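Step one of this worksheet: look at the structure below.
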Protein chains: 4
Amino acid sequence: MHKSLRKRIYIIIFEADTPAGKAFDVALLWAIVISVLAVILESVKSLNEHYGQLFKIVEWVLTIGFSIEFILRLYVSETPRKYAFSFYGIIDLLAVLPAYISLVFTGTQYLLIIRALRLLRVFRILKLGRFVGEGEQLARALKASRHKITVFLGSVLTVVMITGTAMYMIEGGENGFTSIPVSMYWAIVTLTTVGYGDIAPQTVIGQSLASFIMIMGYAIIAVPTGIVTAELTKDNAERKKVKCPNCHQTGHEAIAHYCKFCGTALILPDEK
Amino acid sequence: MHKSLRKRIYIIIFEADTPAGKAFDVALLWAIVISVLAVILESVKSLNEHYGQLFKIVEWVLTIGFSIEFILRLYVSETPRKYAFSFYGIIDLLAVLPAYISLVFTGTQYLLIIRALRLLRVFRILKLGRFVGEGEQLARALKASRHKITVFLGSVLTVVMITGTAMYMIEGGENGFTSIPVSMYWAIVTLTTVGYGDIAPQTVIGQSLASFIMIMGYAIIAVPTGIVTAELTKDNAERKKVKCPNCHQTGHEAIAHYCKFCGTALILPDEK
Amino acid sequence: MHKSLRKRIYIIIFEADTPAGKAFDVALLWAIVISVLAVILESVKSLNEHYGQLFKIVEWVLTIGFSIEFILRLYVSETPRKYAFSFYGIIDLLAVLPAYISLVFTGTQYLLIIRALRLLRVFRILKLGRFVGEGEQLARALKASRHKITVFLGSVLTVVMITGTAMYMIEGGENGFTSIPVSMYWAIVTLTTVGYGDIAPQTVIGQSLASFIMIMGYAIIAVPTGIVTAELTKDNAERKKVKCPNCHQTGHEAIAHYCKFCGTALILPDEK
Amino acid sequence: MHKSLRKRIYIIIFEADTPAGKAFDVALLWAIVISVLAVILESVKSLNEHYGQLFKIVEWVLTIGFSIEFILRLYVSETPRKYAFSFYGIIDLLAVLPAYISLVFTGTQYLLIIRALRLLRVFRILKLGRFVGEGEQLARALKASRHKITVFLGSVLTVVMITGTAMYMIEGGENGFTSIPVSMYWAIVTLTTVGYGDIAPQTVIGQSLASFIMIMGYAIIAVPTGIVTAELTKDNAERKKVKCPNCHQTGHEAIAHYCKFCGTALILPDEK
């Protein structure tokens, strides 16, 4: 029957509990990885000269495969419009669009970045694995500390702005600090301890200010770490105290959604 | 009536609970961001050549606006002298002074840094937002660990001083270590893992000592992080235990100032 | 008696509780350190020219010693096949094989890396020291956070891939971003805050994107730290709560395997 | 009386509870800072040319002052021999010896590093301040995690050794990896995220291995931080639980040595 076929396709491509669904996910994972590798390797000149034809073939075979998959997803989902405008729907469309556009227009090298976005599709597949709980806990810790991180980033940007202006005036254009934006770029490179060395202070005052900024940055780097750690520790402790609504037992893991003693869904503190 | 107008202006520019007060804050935020952007972009040569006139106009319009704001603040505050000598009062004055000084004196490019200080005014506005609690908790954690951080920075400076002297003697001027201050600058660049590479050891002994310092620095960077994290974690735990003086319930957030069950002001451990 | 000799050799080379066993371990430790130092110093041209002959002699004396040790280990272990295919058995074999192979074939400089693997043998000896408990706790914390770290590394790789592609298109080959793999290498060098500076963005857009990535990386570096710390803290707390099955006392150290009050073996949470 | 004078001098130079003792400490602190600054600034060529004479005078005045202080310390301490061979006794002697040696021998520039050690004398003075408790807690946390840090550093050194050998073979001398020690230096510069860029991989395989090492180092840096943080957190928690032997109250600060309610000396867990 028609409906049953649609239903069966839905289970295969949207779910991962059946053997067919799992096999589809694994195949899709490989297709995505291969297509992304093709994008990466195509950019290497020597490889493109030798295997350019192969990359084109791989690209088109996978594009047609992804197109069929996209149409099937649209066909089987109950609300095709909702799917098409969802995050993954747009990513799925963007995975196939650049290839077709490059047929019509030439010089569309800038669509490369869109093809690289295919990698985001991997997350849909991973979502079905055992990483959900862990990812959720990380996301929760980051979300809980978003205000603190905003305050922190705001302070960092102010320091960058004021340091950048000061270094522009102290060092000046002859030492590479040609404008305030460039000086701010240097300040970010220094505060984050990346330190390329393409721009480096040469005057005594400049080096003193830079030293001060670095030692400050040394202490500052402690702050976001402290924030996230305190959040993760708190999270662990809070989940431990969650009481099962059925058997009233505690001691559940930070990533648990169900009571480990009786299987009842837990009511988590951030859902209350 | 005169007094009531003064009061109404006070509420608009010093508070943020009324629609007018909020609108004023948002407008001020934009004015500050635009004036700071003008300072930054004016320093880019190519932009200054094309839009120099525009930057001058923006600068003067905003300076006049900030001047009016400053005079109004002086006028409406109950103790104008106290406001004028407060942190924000000085920042507000510094935000307008450079422009007027540049009218009288020429070659006052060094006033640029003072104009960049305008960014500090943003904090006054943010103070009124939801970031207060978070900022306060961070500040409290940093304040509580200030002695530990002092001990830590003192030790780092001693290591920097001794390493700098040693490298100056080992590597000498021909490898870039031209004096002890320069060697100490190198030591700071290395210990903080910034690593510009403008000065780098060339001799075997110098590279060995540098390796030792780096691995030590690797372990040392753990210390300020540990300090701040332990403080934030303790802070979270301590607030949890604060008992409401009215309803005697506990479990309040680290950023709470009022009991979440009955609204009574909490007596916090660091205020007792 | 034959069996008793075998048994005695077993105790000497596999265990470390007897004086002879301890002496053997110390001697082996020195032999390994000297053989590894020989590999390292042989690669320095000036040293090889002067002491090349000495390095060869040291290498052969130690290789013959390690060979005898390997044969003895095979001889005394109850299941020689199991030992030969165990991790340490393979390392022990690899410690002596390169020297013999270099007798037969010439130009086998690539066996150097295998000789460097000898250092791994040190771990077998350290295993017998007091570092077991500590190492175990660290390994447990890392193991417990492996899913979170996988999610984290996956996200980092996605960021690297997308940033690399973007920078390849923005900066292009003339600024050193000659291909996507090279751009991804730059992205890793930047995100990890290593920052060699051999490749650095030159355009305004490139520097802006780089600044954004660095500040993001600044916040991101907090995540793995938070994960491991939360795990170690939890571990400490959980061990504290373990109740001795004999005397029912708690408060044991995180590295304890036996009750510190009555000596009974503890049943640890991750073994239950 | 003779004895009473000796006692009074002892109180002034060894203790800090009397006004005279405090004044002596402050004067000594300034003398040390000035003598260290003289060492630093003397190494700057342009300053030495202009103020060389001044530096010499300052150096000799302070050396004579430190000599008198050293003799006084010897004279007033009850066990002069014990003081002379204590850590601070040796530092005090080293603070004056280089100047006298330079009178007898010429070309003793290498005594510079010994003069820099004077900075260590600052710690004696700080010991008397309010930083004792904080410093002690940090030292305790570091001491408690010394085994874990040893295991960690051992693992890092093994990774450095194996990576260094691999890069030496992959990149070779033409790309700057001229010997295994140099490659190991590069590996340390990379793993610690310092990244000078004086040596950087040029081949595709080398860059891939370097990327792998960097991402690993990114995760590895989390470990020492986690160790110290967990230790500091535990320390905070344990001190909280210490019960006063007199009034039986708990809740003492991590740095407390005496009960904050009745002043009785606390029996700390690590002293039991």
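Just remember, in the structure tokens the first chain shown is A, the second B, etc., residues are 1-based per chain, and ligands are 1-based in the order shown.
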
Mind checking which residues fall within 7 Å of range 169-186 of chain A, counting only C-alpha atoms, ignoring those fewer than 4 positions away in the same chain, and posting them as a PyMOL selection string? (chain A and resi 160-161+164-165+190+199+201-203+206) or (chain B and resi 40+43-44+110) or (chain C and resi 207+211)

**Item:** Ile34 in chain A environment, 9 Å, only C-alpha atoms, sequence neighbours closer than 4 positions dropped, as number ranges by chain
**Value:** A: 29-30, 38-39, 58, 62

Note to self: Using DSSP assignments from the backbone, pull out every residue in range 5-132 of chain B that falls under alpha helix (DSSP H) and give it to me as a PyMOL selection string.
What the structure shows: chain B and resi 5-14+19-42+45-76+80-84+87-104+112-116+121-126+132

Please, which residues of chain A lie no more than 6 Å from chain B when the count uses only C-alpha atoms, and can they be set out as a count of residues only? 13

Any idea what's packed within 12 Å of Ala84 in chain C, counting only C-alpha atoms, ignoring anything in its chain fewer than 3 positions away? Could you give it as an mmCIF file with C-alpha atoms, in the first residue's frame?
```cif
data_model
loop_
_atom_site.group_PDB
_atom_site.id
_atom_site.type_symbol
_atom_site.label_atom_id
_atom_site.label_comp_id
_atom_site.auth_asym_id
_atom_site.auth_seq_id
_atom_site.Cartn_x
_atom_site.Cartn_y
_atom_site.Cartn_z
ATOM 1 C CA PHE C 70 63.099 -10.726 26.062
ATOM 2 C CA ILE C 71 64.063 -14.409 25.761
ATOM 3 C CA LEU C 72 64.001 -14.775 29.559
ATOM 4 C CA ARG C 73 60.555 -13.185 29.734
ATOM 5 C CA LEU C 74 59.320 -15.606 27.052
ATOM 6 C CA TYR C 75 60.935 -18.506 28.912
ATOM 7 C CA VAL C 76 59.575 -17.794 32.390
ATOM 8 C CA SER C 77 56.035 -16.645 31.588
ATOM 9 C CA GLU C 78 53.452 -19.401 31.950
ATOM 10 C CA THR C 79 51.799 -18.543 28.657
ATOM 11 C CA PRO C 80 54.636 -17.343 26.367
ATOM 12 C CA ARG C 81 52.257 -16.875 23.422
ATOM 13 C CA PHE C 87 51.118 -4.805 24.466
ATOM 14 C CA TYR C 88 54.357 -4.961 26.428
ATOM 15 C CA GLY C 89 55.472 -8.140 24.663
ATOM 16 C CA ILE C 90 55.269 -6.389 21.278
ATOM 17 C CA ILE C 91 57.051 -3.294 22.651
ATOM 18 C CA ASP C 92 59.783 -5.537 24.086
ATOM 19 C CA LEU C 93 60.243 -7.224 20.702
ATOM 20 C CA LEU C 94 60.249 -3.901 18.842
#
```

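The space between CA of Ile13 in chain D and CA of Ser67 in chain D spans 13.6 Å.
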